[in-house]
Amino acid sequence: MTQERTNYIDIVIKGIWRENPVAYQVLGICSSLAVTVRMSTAIVMGIALTVVTAFSSMLISSLRKMIPSNIRIIAELAIVASLVIATDQILKAFLYDISKQLSIFVGLIITNCIVMGRAEAFALANKPLDSFFDGIGNGLGYTLVLVIVALIREFLGSGKFLGFNIIPQFALDAGYQNMGLMVLAPGAFFVIGLLVWLKNSLPGISKEER
Amino acid sequence: MSDNNDKNKKKNVILFALLLSVICSLIITASAVGLKGLQNANMALDKKIKILMAADLIKDKKPSKKDINALYDAHIQEVTVDSKGNVIQTYVPDSLNLYFYQDNGVIKGYVLPINTRGLWGKIQGYLAFENDGQTVSGFSVFSHSETPGLGGEIESAWFRKNFKGKKILNSRNKFVSVGIAKGKAENLPKDLQNHYVDGISGATLTGKYLSEGIKETLMKYDSVSISFRQKDLKPQ
């Protein structure tokens, strides 16, 4: 039991840090560019993706012995897309306000390579519960990167933190200007690139992977 | 022997694909059709909220469902006008739908539905005017599929608020529409500031399409605005 529990924790931590989907596997970059202008959207997207990856990995893992290998990608895609669309429909009917916030993310989630990437790399070869935690770990790892990138971009690009102005008026009067580049997609490229470099150059962490 | 095995495998693949597609389509169809009623009710209510928002009857805090219906029934009236801007009861070709905002029988303004393309999909919203037929009193977005954090900002409060008080006529009473500026509106020449709202950085195209859509809608509803300017639209 304890053995299993530490195993799950290990899987989660691996997803968050050692094999972080954005910084190490370089998955999900496209959506990291789009939703990191503001912290609030980054957090919502991170949570939504974590839930989707966890459940789709679990579902695909429980079907892994039945899925024929030559059509597995299409099968995975069909399962993930159906899962997300059905959830979206249910949210629209019962939690309309939340669904309005999330609906715009649906397209970004279905096409997010992390969902497919984890299904391919982990769920097809591991047990359902392991896959579930792998999804949680990778989702959280993705969220972590999104939040850090969004924090930097929102601060430098619009001078805000979670929507609140934090640049004092005297600084603006003295000629402080927001960095317009950070609001645009290239700004995210720079920040993500620097983060990947930082993570991979931290001592003791990435040696075993090299 | 191996030939037989191969055939079996192929059969299994096809069988699995078939089964999977049937199950997936059943799940999606069931959730879409079975929940349609609830979803439509939610959408209808949301539409009312957005019309009330455009007319500036709802502030930032969201009232309860009952209040929304009461507010809507008391103040908003859906009307159809013909191409000359006269209110009509029967259907004629080229008729237009809009909403009157009234208070105790006095028409205080009107709300036009905006329906335009955005960068990724359709943008649907409402633009409200005061009864002088030229001053914008509010703007709201009902549905869009722009990127969250970028084009998606069109539904945020700061963006919507900028529309209030903008004019669609210039100082010589010529129609110029309202548009979304590139960057801040205050950086524009003085005579244009009245017709532009602050743009969203990183979402130039969304702004461009929305500006075009607003202009198109205003031109379509020009007769309504003109008759408001002439004050000859009486409440029913």
# chains A, B, ... in the order shown; residues from 1 in each chain; ligands from 1
call {"tool": "residues_around", "arguments": {"residues": "Glu120 of chain A", "least_positions_apart": "6", "cutoff": "9 Å", "atoms": "only C-alpha atoms", "output": "list of chain:residue names"}}
result
A:Arg72, A:Ile73, A:Glu76
call {"tool": "closest_atom_pairs", "arguments": {"of": "chain A", "to": "chain B", "cutoff": "6 Å", "atoms": "only C-alpha atoms", "output": "JSON lines"}}
result
{"residue": "A:Val37", "atom": "CA", "partner": "B:Gly149", "partner_atom": "CA", "distance": 5.8}
{"residue": "A:Arg38", "atom": "CA", "partner": "B:Gly149", "partner_atom": "CA", "distance": 5.9}
{"residue": "A:Pro68", "atom": "CA", "partner": "B:Val13", "partner_atom": "CA", "distance": 5.9}
{"residue": "A:Ser82", "atom": "CA", "partner": "B:Cys24", "partner_atom": "CA", "distance": 5.9}
{"residue": "A:Ala86", "atom": "CA", "partner": "B:Ile28", "partner_atom": "CA", "distance": 5.6}
{"residue": "A:Lys92", "atom": "CA", "partner": "B:Gln39", "partner_atom": "CA", "distance": 5.8}
{"residue": "A:Ala93", "atom": "CA", "partner": "B:Gln39", "partner_atom": "CA", "distance": 4.5}
{"residue": "A:Ile104", "atom": "CA", "partner": "B:Ser145", "partner_atom": "CA", "distance": 5.7}
{"residue": "A:Leu184", "atom": "CA", "partner": "B:Gly202", "partner_atom": "CA", "distance": 5.2}
call {"tool": "residues_around", "arguments": {"residues": "Leu194 of chain A", "least_positions_apart": "5", "cutoff": "12 Å", "atoms": "only C-alpha atoms", "output": "list in words"}}
result
Ala23, Val145, Ile148, Val149, Ile152, Gly187, Ala188, Phe189, Lys199, Asn200 and Ser201 of chain A
call {"tool": "write_last_selection", "arguments": {"atoms": "C-alpha atoms", "output": "JSON list (two decimals), in the first residue's frame"}}
result
[["chain", "number", "residue", "atom", "x", "y", "z"],
["A", 23, "ALA", "CA", 10.23, 22.39, -20.22],
["A", 145, "VAL", "CA", 4.95, 26.63, -16.40],
["A", 148, "ILE", "CA", 5.21, 31.33, -14.21],
["A", 149, "VAL", "CA", 5.17, 32.50, -17.82],
["A", 152, "ILE", "CA", 6.21, 37.35, -15.99],
["A", 187, "GLY", "CA", 7.32, 37.44, -25.69],
["A", 188, "ALA", "CA", 6.10, 34.02, -24.62],
["A", 189, "PHE", "CA", 8.75, 32.34, -26.78],
["A", 199, "LYS", "CA", 15.44, 24.28, -15.70],
["A", 200, "ASN", "CA", 17.89, 22.21, -17.69],
["A", 201, "SER", "CA", 20.90, 23.99, -16.31]]
call {"tool": "residues_around", "arguments": {"residues": "Ser137 of chain B", "least_positions_apart": "6", "cutoff": "8 Å", "atoms": "only C-alpha atoms", "output": "PyMOL selection string"}}
result
chain B and resi 54-56+127-130+163-166
call {"tool": "atom_distance", "arguments": {"atom1": "atom CA of Lys127 of chain A", "atom2": "atom CA of Ser61 of chain A"}}
result
6.1 Å
call {"tool": "residues_around", "arguments": {"residues": "segment 167-176 of chain B", "least_positions_apart": "3", "cutoff": "8 Å", "atoms": "only C-alpha atoms", "output": "MDAnalysis selection string"}}
result
chainID B and resid 134:136 194:195
call {"tool": "write_last_selection", "arguments": {"atoms": "all heavy atoms", "output": "CSV table (one decimal), in the first residue's frame"}}
result
chain,number,residue,atom,x,y,z
B,134,GLN,N,-27.3,58.8,-31.9
B,134,GLN,CA,-25.9,58.8,-32.2
B,134,GLN,C,-24.9,58.5,-31.1
B,134,GLN,O,-23.7,58.3,-31.4
B,134,GLN,CB,-25.6,60.2,-32.8
B,134,GLN,CG,-26.0,61.4,-31.9
B,134,GLN,CD,-25.3,62.6,-32.3
B,134,GLN,OE1,-24.1,62.6,-32.6
B,134,GLN,NE2,-26.1,63.7,-32.4
B,135,THR,N,-25.4,58.5,-29.9
B,135,THR,CA,-24.5,58.3,-28.8
B,135,THR,C,-24.6,56.8,-28.3
B,135,THR,O,-25.6,56.3,-28.0
B,135,THR,CB,-24.8,59.2,-27.6
B,135,THR,OG1,-24.9,60.5,-28.0
B,135,THR,CG2,-23.7,59.1,-26.5
B,136,VAL,N,-23.4,56.2,-28.3
B,136,VAL,CA,-23.4,54.8,-27.8
B,136,VAL,C,-23.6,54.7,-26.3
B,136,VAL,O,-22.9,55.5,-25.6
B,136,VAL,CB,-22.0,54.1,-28.2
B,136,VAL,CG1,-22.0,52.6,-27.7
B,136,VAL,CG2,-21.8,54.2,-29.7
B,194,ASN,N,-13.5,60.6,-30.4
B,194,ASN,CA,-14.9,60.4,-30.1
B,194,ASN,C,-15.4,59.1,-30.8
B,194,ASN,O,-16.5,58.6,-30.4
B,194,ASN,CB,-15.7,61.6,-30.5
B,194,ASN,CG,-16.3,62.3,-29.3
B,194,ASN,OD1,-16.4,61.7,-28.3
B,194,ASN,ND2,-16.7,63.5,-29.5
B,195,HIS,N,-14.7,58.6,-31.7
B,195,HIS,CA,-15.2,57.5,-32.5
B,195,HIS,C,-14.4,56.2,-32.4
B,195,HIS,O,-14.6,55.3,-33.1
B,195,HIS,CB,-15.2,57.9,-34.0
B,195,HIS,CG,-15.8,59.3,-34.3
B,195,HIS,ND1,-17.1,59.6,-33.9
B,195,HIS,CD2,-15.3,60.4,-34.7
B,195,HIS,CE1,-17.3,60.8,-34.2
B,195,HIS,NE2,-16.2,61.4,-34.7
call {"tool": "atom_distance", "arguments": {"atom1": "atom CA of Asp134 of chain A", "atom2": "atom CA of Thr6 of chain A"}}
result
13.2 Å
call {"tool": "select_by_dssp", "arguments": {"residues": "segment 44-162 of chain B", "states": "strand (DSSP E or B)", "output": "JSON, numbers by chain"}}
result
{"B": [76, 77, 78, 79, 80, 81, 87, 88, 96, 97, 98, 99, 100, 101, 102, 103, 106, 107, 108, 109, 110, 111, 112, 113, 114, 115, 116, 117, 122, 123, 124, 125, 126, 127, 128, 129, 130, 135, 136, 137, 138, 139, 140, 141, 142, 143]}
call {"tool": "closest_residue", "arguments": {"among": "A:Thr143, A:Gln169, A:Asn138, A:Ser131", "to": "Asn7 of chain A", "atoms": "only C-alpha atoms"}}
result
A:Ser131
